[in-house]
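Engineer: run_31.pdb is the file, holding PDB, C-alpha atoms and all ligand atoms:
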```pdb
ATOM      1  CA  MET A  21     201.250 120.577 120.115
ATOM      2  CA  ILE A  22     202.900 122.341 117.277
ATOM      3  CA  ALA A  23     203.191 121.997 113.487
ATOM      4  CA  PHE A  24     204.994 123.885 110.742
ATOM      5  CA  PRO A  25     202.627 124.242 107.748
ATOM      6  CA  ASN A  26     204.657 124.710 104.561
ATOM      7  CA  ALA A  27     203.845 126.515 101.326
ATOM      8  CA  LYS A  28     203.493 125.002  97.844
ATOM      9  CA  ILE A  29     204.329 126.154  94.352
ATOM     10  CA  ASN A  30     202.412 125.258  91.197
ATOM     11  CA  ILE A  31     204.600 124.001  88.369
ATOM     12  CA  GLY A  32     202.297 124.615  85.411
ATOM     13  CA  LEU A  33     198.617 125.415  85.687
ATOM     14  CA  ASN A  34     196.110 124.852  82.880
ATOM     15  CA  VAL A  35     192.572 126.138  83.396
ATOM     16  CA  ILE A  36     190.602 123.732  81.228
ATOM     17  CA  ALA A  37     186.895 124.453  81.643
ATOM     18  CA  ARG A  38     184.347 126.348  83.681
ATOM     19  CA  ARG A  39     182.239 123.985  85.789
ATOM     20  CA  PRO A  40     178.508 124.297  86.389
ATOM     21  CA  ASP A  41     179.226 125.022  90.097
ATOM     22  CA  GLY A  42     181.193 128.181  89.099
ATOM     23  CA  TYR A  43     184.567 126.566  89.832
ATOM     24  CA  HIS A  44     187.066 125.579  87.108
ATOM     25  CA  ASP A  45     188.546 122.262  86.064
ATOM     26  CA  LEU A  46     192.295 122.543  85.982
ATOM     27  CA  GLU A  47     195.491 120.567  85.876
ATOM     28  CA  THR A  48     198.547 121.546  87.849
ATOM     29  CA  VAL A  49     201.511 120.108  89.721
ATOM     30  CA  PHE A  50     201.791 120.921  93.421
ATOM     31  CA  TYR A  51     205.288 120.879  94.867
ATOM     32  CA  PRO A  52     205.917 121.539  98.604
ATOM     33  CA  ILE A  53     208.514 124.180  99.484
ATOM     34  CA  LYS A  54     210.341 125.238 102.640
ATOM     35  CA  ILE A  55     208.595 128.441 103.703
ATOM     36  CA  ASN A  56     206.691 127.715 106.904
ATOM     37  CA  ASP A  57     204.122 129.066 109.328
ATOM     38  CA  VAL A  58     204.077 127.939 112.960
ATOM     39  CA  LEU A  59     200.770 126.543 114.217
ATOM     40  CA  GLU A  60     200.215 125.758 117.887
ATOM     41  CA  VAL A  61     197.058 124.220 119.342
ATOM     42  CA  VAL A  62     196.501 123.671 123.071
ATOM     43  CA  GLU A  63     193.451 122.468 124.986
ATOM     44  CA  ALA A  64     191.706 125.399 126.701
ATOM     45  CA  ASP A  65     188.513 126.502 128.475
ATOM     46  CA  LYS A  66     187.139 128.122 125.349
ATOM     47  CA  LEU A  67     187.842 128.205 121.616
ATOM     48  CA  SER A  68     190.138 131.083 120.593
ATOM     49  CA  PHE A  69     192.398 132.153 117.731
ATOM     50  CA  GLU A  70     195.272 134.614 117.748
ATOM     51  CA  SER A  71     198.063 135.308 115.307
ATOM     52  CA  SER A  72     201.442 136.995 115.106
ATOM     53  CA  GLY A  73     203.810 137.740 112.239
ATOM     54  CA  LEU A  74     202.231 138.842 108.938
ATOM     55  CA  GLU A  75     198.831 140.443 109.264
ATOM     56  CA  ILE A  76     196.062 138.111 108.057
ATOM     57  CA  PRO A  77     193.192 139.895 106.274
ATOM     58  CA  GLY A  78     189.701 139.062 107.509
ATOM     59  CA  ARG A  79     188.115 138.235 110.850
ATOM     60  CA  PRO A  80     189.694 135.624 113.137
ATOM     61  CA  GLU A  81     186.447 133.609 113.095
ATOM     62  CA  ASP A  82     186.847 133.262 109.307
ATOM     63  CA  ASN A  83     190.368 131.930 109.592
ATOM     64  CA  LEU A  84     190.671 128.520 107.968
ATOM     65  CA  CYS A  85     191.919 127.006 111.253
ATOM     66  CA  ILE A  86     188.714 128.029 113.040
ATOM     67  CA  LYS A  87     186.644 126.804 110.099
ATOM     68  CA  GLY A  88     188.560 123.514 110.304
ATOM     69  CA  TYR A  89     187.744 123.237 114.026
ATOM     70  CA  HIS A  90     183.994 123.713 113.461
ATOM     71  CA  LEU A  91     184.051 121.227 110.592
ATOM     72  CA  LEU A  92     185.684 118.479 112.682
ATOM     73  CA  LYS A  93     183.547 119.312 115.727
ATOM     74  CA  LYS A  94     180.388 118.399 113.806
ATOM     75  CA  ASP A  95     181.479 114.736 113.703
ATOM     76  CA  HIS A  96     183.856 114.409 116.675
ATOM     77  CA  ASP A  97     183.832 115.074 120.397
ATOM     78  CA  LEU A  98     186.455 117.818 120.674
ATOM     79  CA  PRO A  99     187.438 119.975 123.663
ATOM     80  CA  PRO A 100     187.791 123.756 123.139
ATOM     81  CA  VAL A 101     191.276 124.753 121.967
ATOM     82  CA  LYS A 102     193.454 127.851 121.863
ATOM     83  CA  ILE A 103     195.032 128.285 118.435
ATOM     84  CA  HIS A 104     198.118 130.427 117.845
ATOM     85  CA  LEU A 105     199.309 130.946 114.285
ATOM     86  CA  HIS A 106     202.604 132.660 113.523
ATOM     87  CA  LYS A 107     202.147 133.786 109.924
ATOM     88  CA  ASN A 108     205.236 133.761 107.777
ATOM     89  CA  ILE A 109     204.022 132.478 104.380
ATOM     90  CA  PRO A 110     203.215 135.525 102.203
ATOM     91  CA  ILE A 111     199.475 136.063 101.650
ATOM     92  CA  GLY A 112     197.914 136.604  98.206
ATOM     93  CA  ALA A 113     201.013 134.936  96.826
ATOM     94  CA  GLY A 114     199.740 131.757  95.192
ATOM     95  CA  LEU A 115     201.610 129.780  97.841
ATOM     96  CA  GLY A 116     198.536 128.228  99.465
ATOM     97  CA  GLY A 117     199.499 129.475 102.907
ATOM     98  CA  GLY A 118     195.975 129.557 104.332
ATOM     99  CA  SER A 119     195.253 126.169 102.798
ATOM    100  CA  ALA A 120     198.415 124.752 104.396
ATOM    101  CA  ASP A 121     197.273 125.966 107.820
ATOM    102  CA  ALA A 122     193.902 124.280 107.271
ATOM    103  CA  GLY A 123     195.446 120.961 106.195
ATOM    104  CA  PHE A 124     197.975 120.928 109.035
ATOM    105  CA  PHE A 125     195.309 121.931 111.556
ATOM    106  CA  ILE A 126     193.264 118.863 110.620
ATOM    107  CA  LYS A 127     196.350 116.646 110.965
ATOM    108  CA  LEU A 128     197.215 118.174 114.358
ATOM    109  CA  MET A 129     193.708 117.627 115.699
ATOM    110  CA  ASN A 130     193.655 114.058 114.369
ATOM    111  CA  ASP A 131     196.985 113.172 116.011
ATOM    112  CA  ASN A 132     196.357 114.868 119.315
ATOM    113  CA  PHE A 133     192.760 113.958 120.009
ATOM    114  CA  GLY A 134     192.999 110.414 118.599
ATOM    115  CA  LEU A 135     190.322 110.946 115.952
ATOM    116  CA  GLY A 136     191.614 107.937 113.993
ATOM    117  CA  LEU A 137     191.079 109.560 110.602
ATOM    118  CA  SER A 138     192.813 108.064 107.551
ATOM    119  CA  ASP A 139     194.624 110.316 105.069
ATOM    120  CA  ASP A 140     191.702 109.844 102.641
ATOM    121  CA  SER A 141     189.241 110.901 105.278
ATOM    122  CA  MET A 142     191.300 113.972 106.266
ATOM    123  CA  GLU A 143     191.476 114.920 102.570
ATOM    124  CA  GLU A 144     187.681 114.749 102.436
ATOM    125  CA  TYR A 145     187.401 117.236 105.305
ATOM    126  CA  ALA A 146     190.111 119.480 103.813
ATOM    127  CA  ARG A 147     188.376 119.659 100.401
ATOM    128  CA  ILE A 148     185.357 121.242 102.068
ATOM    129  CA  LEU A 149     187.535 124.119 103.321
ATOM    130  CA  GLY A 150     189.131 124.931  99.943
ATOM    131  CA  ALA A 151     190.321 123.305  96.733
ATOM    132  CA  ASP A 152     194.020 123.583  97.681
ATOM    133  CA  CYS A 153     193.674 122.373 101.265
ATOM    134  CA  ALA A 154     193.574 118.619 100.587
ATOM    135  CA  PHE A 155     197.052 118.670  99.012
ATOM    136  CA  PHE A 156     198.604 119.496 102.388
ATOM    137  CA  ILE A 157     197.367 116.300 104.052
ATOM    138  CA  ARG A 158     199.877 114.065 102.257
ATOM    139  CA  ASN A 159     202.054 117.048 101.272
ATOM    140  CA  LYS A 160     203.953 115.181  98.522
ATOM    141  CA  PRO A 161     204.444 116.244  94.857
ATOM    142  CA  VAL A 162     201.285 115.460  92.882
ATOM    143  CA  PHE A 163     199.612 116.024  89.549
ATOM    144  CA  ALA A 164     196.278 117.607  90.519
ATOM    145  CA  PHE A 165     193.137 117.685  88.391
ATOM    146  CA  GLU A 166     189.378 118.439  88.464
ATOM    147  CA  LYS A 167     189.017 121.387  90.905
ATOM    148  CA  GLY A 168     192.685 120.884  91.759
ATOM    149  CA  ASP A 169     191.644 118.612  94.614
ATOM    150  CA  GLU A 170     192.050 115.169  93.014
ATOM    151  CA  PHE A 171     195.588 113.847  92.978
ATOM    152  CA  GLU A 172     197.932 111.453  91.229
ATOM    153  CA  PRO A 173     201.309 111.094  92.991
ATOM    154  CA  ILE A 174     204.343 111.856  90.790
ATOM    155  CA  ASN A 175     208.063 111.210  91.123
ATOM    156  CA  LEU A 176     209.436 114.717  91.111
ATOM    157  CA  ASP A 177     212.488 115.544  93.176
ATOM    158  CA  LEU A 178     214.004 119.000  92.710
ATOM    159  CA  SER A 179     216.313 118.767  95.733
ATOM    160  CA  ALA A 180     219.410 118.867  93.504
ATOM    161  CA  TYR A 181     218.359 122.330  92.294
ATOM    162  CA  SER A 182     218.088 125.687  94.008
ATOM    163  CA  ILE A 183     214.526 127.046  94.050
ATOM    164  CA  VAL A 184     214.257 130.794  94.657
ATOM    165  CA  LEU A 185     210.964 132.526  95.329
ATOM    166  CA  VAL A 186     210.339 136.226  94.780
ATOM    167  CA  MET A 187     207.387 137.981  96.400
ATOM    168  CA  PRO A 188     206.627 141.446  94.962
ATOM    169  CA  ASP A 189     204.890 144.249  96.847
ATOM    170  CA  GLU A 190     201.659 143.413  95.049
ATOM    171  CA  HIS A 191     199.225 140.763  96.239
ATOM    172  CA  ILE A 192     196.650 138.960  94.100
ATOM    173  CA  SER A 193     193.570 137.228  95.423
ATOM    174  CA  THR A 194     192.603 133.847  94.024
ATOM    175  CA  ALA A 195     189.154 135.192  93.107
ATOM    176  CA  GLU A 196     190.747 138.036  91.029
ATOM    177  CA  ALA A 197     192.935 135.513  89.217
ATOM    178  CA  TYR A 198     190.018 133.249  88.252
ATOM    179  CA  ARG A 199     187.830 136.199  87.198
ATOM    180  CA  GLY A 200     190.254 137.181  84.404
ATOM    181  CA  VAL A 201     191.155 133.747  83.071
ATOM    182  CA  LYS A 202     189.866 132.156  79.865
ATOM    183  CA  ALA A 203     189.407 128.395  80.145
ATOM    184  CA  ALA A 204     190.526 126.231  77.215
ATOM    185  CA  PRO A 205     191.284 122.537  76.641
ATOM    186  CA  VAL A 206     194.977 121.590  76.710
ATOM    187  CA  LYS A 207     197.012 120.569  73.668
ATOM    188  CA  GLU A 208     199.604 118.689  75.737
ATOM    189  CA  THR A 209     198.710 117.459  79.204
ATOM    190  CA  LEU A 210     200.917 118.587  82.053
ATOM    191  CA  TYR A 211     200.890 114.972  83.266
ATOM    192  CA  ASP A 212     203.210 114.132  80.329
ATOM    193  CA  LEU A 213     205.142 117.419  80.203
ATOM    194  CA  ILE A 214     206.215 117.222  83.839
ATOM    195  CA  LYS A 215     208.055 113.955  83.062
ATOM    196  CA  THR A 216     210.279 115.672  80.448
ATOM    197  CA  PRO A 217     213.723 116.946  81.573
ATOM    198  CA  LEU A 218     213.558 120.217  83.517
ATOM    199  CA  THR A 219     215.643 121.897  80.814
ATOM    200  CA  ALA A 220     212.776 121.271  78.350
ATOM    201  CA  TRP A 221     210.042 122.867  80.521
ATOM    202  CA  ARG A 222     210.650 126.495  79.425
ATOM    203  CA  GLY A 223     208.175 127.449  76.690
ATOM    204  CA  HIS A 224     206.143 124.250  77.195
ATOM    205  CA  ILE A 225     204.898 124.223  80.784
ATOM    206  CA  LYS A 226     202.722 127.318  81.296
ATOM    207  CA  ASN A 227     200.579 128.986  83.913
ATOM    208  CA  ASP A 228     197.307 130.233  82.380
ATOM    209  CA  PHE A 229     196.961 132.987  85.008
ATOM    210  CA  GLU A 230     200.114 134.716  83.758
ATOM    211  CA  GLY A 231     198.362 136.120  80.652
ATOM    212  CA  HIS A 232     196.007 138.592  82.302
ATOM    213  CA  ILE A 233     197.980 139.064  85.521
ATOM    214  CA  PHE A 234     201.163 140.029  83.643
ATOM    215  CA  ARG A 235     199.082 142.442  81.556
ATOM    216  CA  ASP A 236     197.563 144.115  84.635
ATOM    217  CA  HIS A 237     200.699 143.860  86.820
ATOM    218  CA  PRO A 238     203.770 144.353  84.572
ATOM    219  CA  ALA A 239     206.143 144.307  87.556
ATOM    220  CA  ILE A 240     205.352 140.607  88.051
ATOM    221  CA  ARG A 241     206.165 139.869  84.414
ATOM    222  CA  GLY A 242     209.455 141.740  85.007
ATOM    223  CA  ILE A 243     210.372 139.452  87.911
ATOM    224  CA  LYS A 244     209.979 136.348  85.760
ATOM    225  CA  ALA A 245     212.125 137.895  83.005
ATOM    226  CA  GLU A 246     214.770 138.836  85.545
ATOM    227  CA  LEU A 247     214.912 135.285  86.939
ATOM    228  CA  TYR A 248     215.607 133.986  83.432
ATOM    229  CA  GLU A 249     218.274 136.693  82.979
ATOM    230  CA  HIS A 250     219.931 135.421  86.160
ATOM    231  CA  GLY A 251     220.139 131.915  84.727
ATOM    232  CA  ALA A 252     216.931 130.147  85.818
ATOM    233  CA  LEU A 253     216.359 126.885  83.974
ATOM    234  CA  TYR A 254     212.642 127.380  84.528
ATOM    235  CA  ALA A 255     210.663 130.288  86.003
ATOM    236  CA  SER A 256     206.952 130.845  86.537
ATOM    237  CA  MET A 257     204.389 132.648  88.602
ATOM    238  CA  SER A 258     203.059 130.275  91.278
ATOM    239  CA  GLY A 259     199.329 129.515  91.097
ATOM    240  CA  SER A 260     197.216 132.657  91.168
ATOM    241  CA  GLY A 261     200.262 134.864  91.933
ATOM    242  CA  ALA A 262     201.720 137.230  92.843
ATOM    243  CA  SER A 263     204.869 135.248  93.779
ATOM    244  CA  VAL A 264     207.256 134.015  91.080
ATOM    245  CA  PHE A 265     209.749 131.170  91.465
ATOM    246  CA  GLY A 266     212.888 130.246  89.559
ATOM    247  CA  ILE A 267     214.627 126.861  89.476
ATOM    248  CA  PHE A 268     218.404 127.222  89.203
ATOM    249  CA  GLU A 269     221.363 124.878  88.889
ATOM    250  CA  ASP A 270     223.216 127.022  91.490
ATOM    251  CA  THR A 271     221.863 129.615  93.917
ATOM    252  CA  PRO A 272     221.880 132.981  92.110
ATOM    253  CA  ASN A 273     222.712 136.356  93.612
ATOM    254  CA  LEU A 274     219.474 138.351  93.418
ATOM    255  CA  GLU A 275     220.507 141.293  95.593
ATOM    256  CA  VAL A 276     219.224 143.713  92.926
ATOM    257  CA  MET A 277     215.716 142.289  93.365
ATOM    258  CA  GLU A 278     215.770 142.510  97.163
ATOM    259  CA  GLU A 279     215.251 146.270  96.930
ATOM    260  CA  PHE A 280     211.687 145.992  95.682
ATOM    261  CA  SER A 281     210.636 142.478  96.635
ATOM    262  CA  GLN A 282     211.155 139.767  99.231
ATOM    263  CA  VAL A 283     213.506 137.025  98.047
ATOM    264  CA  PHE A 284     213.489 133.535  99.610
ATOM    265  CA  TYR A 285     216.564 131.464  98.677
ATOM    266  CA  ASN A 286     216.705 127.670  98.585
ATOM    267  CA  VAL A 287     213.089 126.978  99.437
TER     268      VAL A 287
HETATM  269  C1  LIG B 301     194.692 129.019  92.193
HETATM  270  C2  LIG B 301     195.061 127.872  93.109
HETATM  271  C3  LIG B 301     196.071 127.010  92.377
HETATM  272  O1  LIG B 301     196.637 126.045  93.187
HETATM  273  O2  LIG B 301     195.611 128.270  94.355
HETATM  274  P1  LIG B 301     196.430 129.602  94.792
HETATM  275  O3  LIG B 301     197.450 129.828  93.727
HETATM  276  O4  LIG B 301     195.467 130.729  94.906
HETATM  277  O5  LIG B 301     197.076 129.257  96.108
HETATM  278  C4  LIG B 301     193.809 127.058  93.496
HETATM  279  O6  LIG B 301     193.102 126.643  92.356
HETATM  280  C5  LIG B 301     192.869 127.816  94.421
HETATM  281  O7  LIG B 301     192.549 127.001  95.457
HETATM  282  P2  LIG B 301     191.875 127.582  96.821
HETATM  283  O8  LIG B 301     192.563 128.854  97.190
HETATM  284  O9  LIG B 301     191.850 126.483  97.827
HETATM  285  O10 LIG B 301     190.463 127.940  96.273
HETATM  286  P3  LIG B 301     189.042 128.002  97.031
HETATM  287  O11 LIG B 301     189.222 128.687  98.350
HETATM  288  O12 LIG B 301     188.421 126.650  96.995
HETATM  289  O13 LIG B 301     188.264 128.960  96.018
HETATM  290  C6  LIG B 301     188.479 130.355  95.922
HETATM  291  C7  LIG B 301     187.826 130.844  94.626
HETATM  292  O14 LIG B 301     188.659 130.451  93.506
HETATM  293  C8  LIG B 301     187.871 130.044  92.404
HETATM  294  N1  LIG B 301     188.237 128.656  92.020
HETATM  295  C9  LIG B 301     189.011 127.891  92.852
HETATM  296  C10 LIG B 301     189.400 126.615  92.458
HETATM  297  C11 LIG B 301     188.964 126.142  91.189
HETATM  298  N2  LIG B 301     189.310 124.919  90.760
HETATM  299  N3  LIG B 301     188.199 126.920  90.394
HETATM  300  C12 LIG B 301     187.834 128.185  90.783
HETATM  301  O15 LIG B 301     187.158 128.883  90.023
HETATM  302  C13 LIG B 301     186.426 130.200  92.823
HETATM  303  O16 LIG B 301     186.001 131.462  92.371
HETATM  304  C14 LIG B 301     186.481 130.196  94.339
HETATM  305  O17 LIG B 301     185.453 130.945  94.913
HETATM  306  N1  LIG B 302     195.378 130.818 108.063
HETATM  307  C1  LIG B 302     195.283 131.724 107.077
HETATM  308  N2  LIG B 302     196.385 132.289 106.557
HETATM  309  C2  LIG B 302     196.294 133.192 105.544
HETATM  310  N3  LIG B 302     195.135 133.606 105.004
HETATM  311  C3  LIG B 302     194.005 133.065 105.480
HETATM  312  C4  LIG B 302     194.037 132.109 106.527
HETATM  313  N4  LIG B 302     192.766 131.753 106.789
HETATM  314  C5  LIG B 302     191.989 132.434 105.949
HETATM  315  N5  LIG B 302     192.704 133.238 105.155
HETATM  316  C6  LIG B 302     192.168 134.104 104.075
HETATM  317  O1  LIG B 302     192.640 133.579 102.819
HETATM  318  C7  LIG B 302     193.117 134.621 101.981
HETATM  319  C8  LIG B 302     194.264 134.145 101.057
HETATM  320  O2  LIG B 302     194.972 133.109 101.611
HETATM  321  P1  LIG B 302     196.291 132.481 100.972
HETATM  322  O3  LIG B 302     196.241 131.015 101.213
HETATM  323  O4  LIG B 302     197.490 133.188 101.425
HETATM  324  O5  LIG B 302     196.069 132.740  99.435
HETATM  325  P2  LIG B 302     196.925 132.451  98.183
HETATM  326  O6  LIG B 302     197.299 130.993  98.206
HETATM  327  O7  LIG B 302     195.983 132.812  97.076
HETATM  328  O8  LIG B 302     198.100 133.337  98.237
HETATM  329  C9  LIG B 302     193.533 135.718 102.938
HETATM  330  O9  LIG B 302     193.327 136.979 102.331
HETATM  331  C10 LIG B 302     192.660 135.526 104.172
HETATM  332  O10 LIG B 302     191.539 136.373 104.137
END
```
Translate this file's structure into structure tokens.
Ligand SMILES: C[C@@](CO)(OP(=O)(O)O)[C@H](O)COP(=O)(O)OP(=O)(O)OC[C@H]1O[C@@H](n2ccc(N)nc2=O)[C@H](O)[C@@H]1O
Ligand SMILES: Nc1ncnc2c1ncn2[C@@H]1O[C@H](COP(=O)(O)OP(=O)(O)O)[C@@H](O)[C@H]1O
Structural biologist:
Amino acid sequence: MIAFPNAKINIGLNVIARRPDGYHDLETVFYPIKINDVLEVVEADKLSFESSGLEIPGRPEDNLCIKGYHLLKKDHDLPPVKIHLHKNIPIGAGLGGGSADAGFFIKLMNDNFGLGLSDDSMEEYARILGADCAFFIRNKPVFAFEKGDEFEPINLDLSAYSIVLVMPDEHISTAEAYRGVKAAPVKETLYDLIKTPLTAWRGHIKNDFEGHIFRDHPAIRGIKAELYEHGALYASMSGSGASVFGIFEDTPNLEVMEEFSQVFYNV
């Protein structure tokens, strides 16, 4: 059994308040994009995890797929499985790649071992693994709030546009991004702003992580500026960075950027 976990981008991200549990309340829009890992799970004599493709930092036993297995195993009678992950979604990119693997792993296990879990119930399991993980259960554009794990579906279809994603050499961990951010209440909620025409987003829809990350990593700021110079209608860092996306009317030629970063066209 095989699945193709996809990445997400954040269109806007407001960090609103620090919570007593150390997390932050935020509002953001999650939008799925077409950069995918390959996740294969087969029944085996013992539980194992292996990966190919991009190198995943950390021990295999800490991989979110293995954590997902142990979480489900507490409540369900599961056989041991062999997990193979081909990693293609850039890591430390703000693309939620690990979270996508976790969400898709839960869905794979549910389908293949007849666990009978509803989407709500799978979201509950996913939330335990990480704030972003629950999004990947339904995997549809949403306005997300609280820890970024409560959702309101939205009608947002960008398929008429060309989305280009640029991944610099630098990587940024989610923990680093939250450490430097200053929480503040919003003046205009993203829930309303996202309904305005895309051409009105620039200068209004913001990502609060950009402030300190652009200061500490000027090359990332440069990528955003370059996307606007190439005609993006809207450009932003995704989530906690370091990737930056641009939304274009027509696919741009970004050959000049390919020298120092990885460019994904039409995601
Ligand atoms: C920033 C966002 C934006 O979508 O994702 P990325 O851009 O990294 O993919 C998310 O908030 C990341 O979600 P996720 O990566 O699942 O976070 P978790 O594993 O739950 O938490 C990692 C760390 O981020 C911080 N954290 C996360 C979520 C949140 N609402 N407040 C926080 O302060 C905490 O310090 C936590 O220890
Ligand atoms: N399946 C996985 N794929 C990628 N990273 C994983 C996975 N499981 C656990 N991790 C851990 O999560 C960290 C960041 O994951 P990722 O989702 O790529 O972050 P971000 O969304 O912030 O770019 C990695 O450094 C790694 O240690």
Engineer: Which one is closest to Phe133 in chain A: A:Val162, A:Val35, A:Ala197, A:Val62? Count all atoms listed in the file.
Structural biologist: A:Val62
Engineer: Around all listed atoms of ligand LIG 302 (chain B), padded 5 Å per side, what centre and edge lengths does the axis-aligned box have in Å to one decimal, as JSON?
Structural biologist:
```
{"center_x": 194.8, "center_y": 133.9, "center_z": 102.6, "size_x": 16.6, "size_y": 16.2, "size_z": 21.0}
```
Engineer: Which residues are near ligand LIG 302 (chain B) - at most 8 Å, using all atoms listed in the file? Format: as a PDB file with C-alpha atoms, in the frame of the given file.
Structural biologist:
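Written out: out-v9.pdb:
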```pdb
ATOM      1  CA  ILE A  76     196.062 138.111 108.057  1.00  0.00           C
ATOM      2  CA  PRO A  77     193.192 139.895 106.274  1.00  0.00           C
ATOM      3  CA  GLY A  78     189.701 139.062 107.509  1.00  0.00           C
ATOM      4  CA  ARG A  79     188.115 138.235 110.850  1.00  0.00           C
ATOM      5  CA  ASP A  82     186.847 133.262 109.307  1.00  0.00           C
ATOM      6  CA  ASN A  83     190.368 131.930 109.592  1.00  0.00           C
ATOM      7  CA  LEU A  84     190.671 128.520 107.968  1.00  0.00           C
ATOM      8  CA  CYS A  85     191.919 127.006 111.253  1.00  0.00           C
ATOM      9  CA  LEU A 105     199.309 130.946 114.285  1.00  0.00           C
ATOM     10  CA  LYS A 107     202.147 133.786 109.924  1.00  0.00           C
ATOM     11  CA  ILE A 109     204.022 132.478 104.380  1.00  0.00           C
ATOM     12  CA  PRO A 110     203.215 135.525 102.203  1.00  0.00           C
ATOM     13  CA  ILE A 111     199.475 136.063 101.650  1.00  0.00           C
ATOM     14  CA  GLY A 112     197.914 136.604  98.206  1.00  0.00           C
ATOM     15  CA  ALA A 113     201.013 134.936  96.826  1.00  0.00           C
ATOM     16  CA  GLY A 114     199.740 131.757  95.192  1.00  0.00           C
ATOM     17  CA  LEU A 115     201.610 129.780  97.841  1.00  0.00           C
ATOM     18  CA  GLY A 116     198.536 128.228  99.465  1.00  0.00           C
ATOM     19  CA  GLY A 117     199.499 129.475 102.907  1.00  0.00           C
ATOM     20  CA  GLY A 118     195.975 129.557 104.332  1.00  0.00           C
ATOM     21  CA  SER A 119     195.253 126.169 102.798  1.00  0.00           C
ATOM     22  CA  ALA A 120     198.415 124.752 104.396  1.00  0.00           C
ATOM     23  CA  ASP A 121     197.273 125.966 107.820  1.00  0.00           C
ATOM     24  CA  ALA A 122     193.902 124.280 107.271  1.00  0.00           C
ATOM     25  CA  HIS A 191     199.225 140.763  96.239  1.00  0.00           C
ATOM     26  CA  ILE A 192     196.650 138.960  94.100  1.00  0.00           C
ATOM     27  CA  SER A 193     193.570 137.228  95.423  1.00  0.00           C
ATOM     28  CA  THR A 194     192.603 133.847  94.024  1.00  0.00           C
ATOM     29  CA  GLY A 259     199.329 129.515  91.097  1.00  0.00           C
ATOM     30  CA  SER A 260     197.216 132.657  91.168  1.00  0.00           C
ATOM     31  CA  GLY A 261     200.262 134.864  91.933  1.00  0.00           C
ATOM     32  CA  ALA A 262     201.720 137.230  92.843  1.00  0.00           C
TER      33      ALA A 262
END
```
Engineer: Quick one: distance from atom O6 of ligand LIG 301 (chain B) to CA of Arg158 in chain A in Å, one decimal?
Structural biologist: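 Computing the Euclidean distance for atom O6 of ligand LIG 301 (chain B) and CA of Arg158 in chain A yields 17.4 Å.
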Engineer: Could you check the closest approach to Leu185 in chain A for each of A:Ile36, A:Gly266, A:Ile86, A:Lys102 and tell me which residue wins, using only C-alpha atoms?
Structural biologist: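 Residue with the minimum atom-to-atom distance to Leu185 in chain A: A:Gly266.
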Engineer: Check the smallest atom-to-atom distance from each of A:Leu178, A:Leu98, A:Leu218, A:Val201 to Ala37 in chain A using all atoms listed in the file, then report the winner.
Structural biologist: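 Smallest distance to Ala37 in chain A is found for A:Val201.
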Engineer: Find, counting all atoms listed in the file, the residue in A:Glu81, A:Asp228, A:Asp95, A:Glu275 that gets nearest to ligand LIG 301 (chain B).
Structural biologist: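 Of A:Glu81, A:Asp228, A:Asp95, A:Glu275, the one nearest ligand LIG 301 (chain B) is A:Asp228, counting all atoms listed in the file.
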Engineer: Which one is closest to ligand LIG 301 (chain B): A:Arg39, A:His224, A:Lys207, A:Lys66? Count all atoms listed in the file.
Structural biologist: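 Ranking A:Arg39, A:His224, A:Lys207, A:Lys66 by distance to ligand LIG 301 (chain B), first place goes to A:Arg39.
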Engineer: Considering all atoms listed in the file, state which residue in the set A:Gly42, A:Glu70, A:Lys160, A:Ala195 is at the smallest distance from Val101 in chain A.
Structural biologist: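 Of A:Gly42, A:Glu70, A:Lys160, A:Ala195, the one nearest Val101 in chain A, counting all atoms listed in the file, is A:Glu70.
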Engineer: I'd like the neighbourhood of Val287 in chain A as a list in words, where a residue qualifies if any of its atoms comes within 8 Å (using all atoms listed in the file), though same-chain residues fewer than 6 positions away should be ignored.
Structural biologist: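 With the cut-off at 8 Å, the set is Ile53, Lys54, Ile55, Ser182, Ile183, Val184 and Leu185 of chain A.
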Engineer: May I have the protein, DNA and RNA residues with any atom at most 9 Å from the point (206.6, 141.4, 94.5), counting all atoms listed in the file, written as a ChimeraX atom specification?
Structural biologist: /A:113,186-191,239-240,243,262-264,280-283
Engineer: Using only C-alpha atoms, list the residues that have an atom at most 8 Å from (215.2, 132.0, 89.6), coordinates as in the file, as a PyMOL selection string.
Structural biologist: chain A and resi 183-185+244+246-248+250-255+265-268+272
Engineer: For the atom pair atom C9 of ligand LIG 301 (chain B) and CA of Gly150 in chain A, what is the interatomic distance in Å to one decimal place?
Structural biologist: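 CA of Gly150 in chain A lies at a distance of 7.7 Å from atom C9 of ligand LIG 301 (chain B).
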Engineer: What do you get, as a PyMOL selection string, if you spell out every residue that the PyMOL selection byres (((chain A and resi 96) around 12) and not hetatm) selects here?
Structural biologist: chain A and resi 89-95+97-99+129-130+133-137
Engineer: Mind writing the picked residues with C-alpha atoms as a short mmCIF file (atom, residue, chain, number, x, y, z; two decimals), keeping the file's coordinate frame?
Structural biologist:
```cif
data_model
loop_
_atom_site.label_atom_id
_atom_site.label_comp_id
_atom_site.auth_asym_id
_atom_site.auth_seq_id
_atom_site.Cartn_x
_atom_site.Cartn_y
_atom_site.Cartn_z
CA TYR A 89 187.74 123.24 114.03
CA HIS A 90 183.99 123.71 113.46
CA LEU A 91 184.05 121.23 110.59
CA LEU A 92 185.68 118.48 112.68
CA LYS A 93 183.55 119.31 115.73
CA LYS A 94 180.39 118.40 113.81
CA ASP A 95 181.48 114.74 113.70
CA ASP A 97 183.83 115.07 120.40
CA LEU A 98 186.46 117.82 120.67
CA PRO A 99 187.44 119.98 123.66
CA MET A 129 193.71 117.63 115.70
CA ASN A 130 193.66 114.06 114.37
CA PHE A 133 192.76 113.96 120.01
CA GLY A 134 193.00 110.41 118.60
CA LEU A 135 190.32 110.95 115.95
CA GLY A 136 191.61 107.94 113.99
CA LEU A 137 191.08 109.56 110.60
#
```
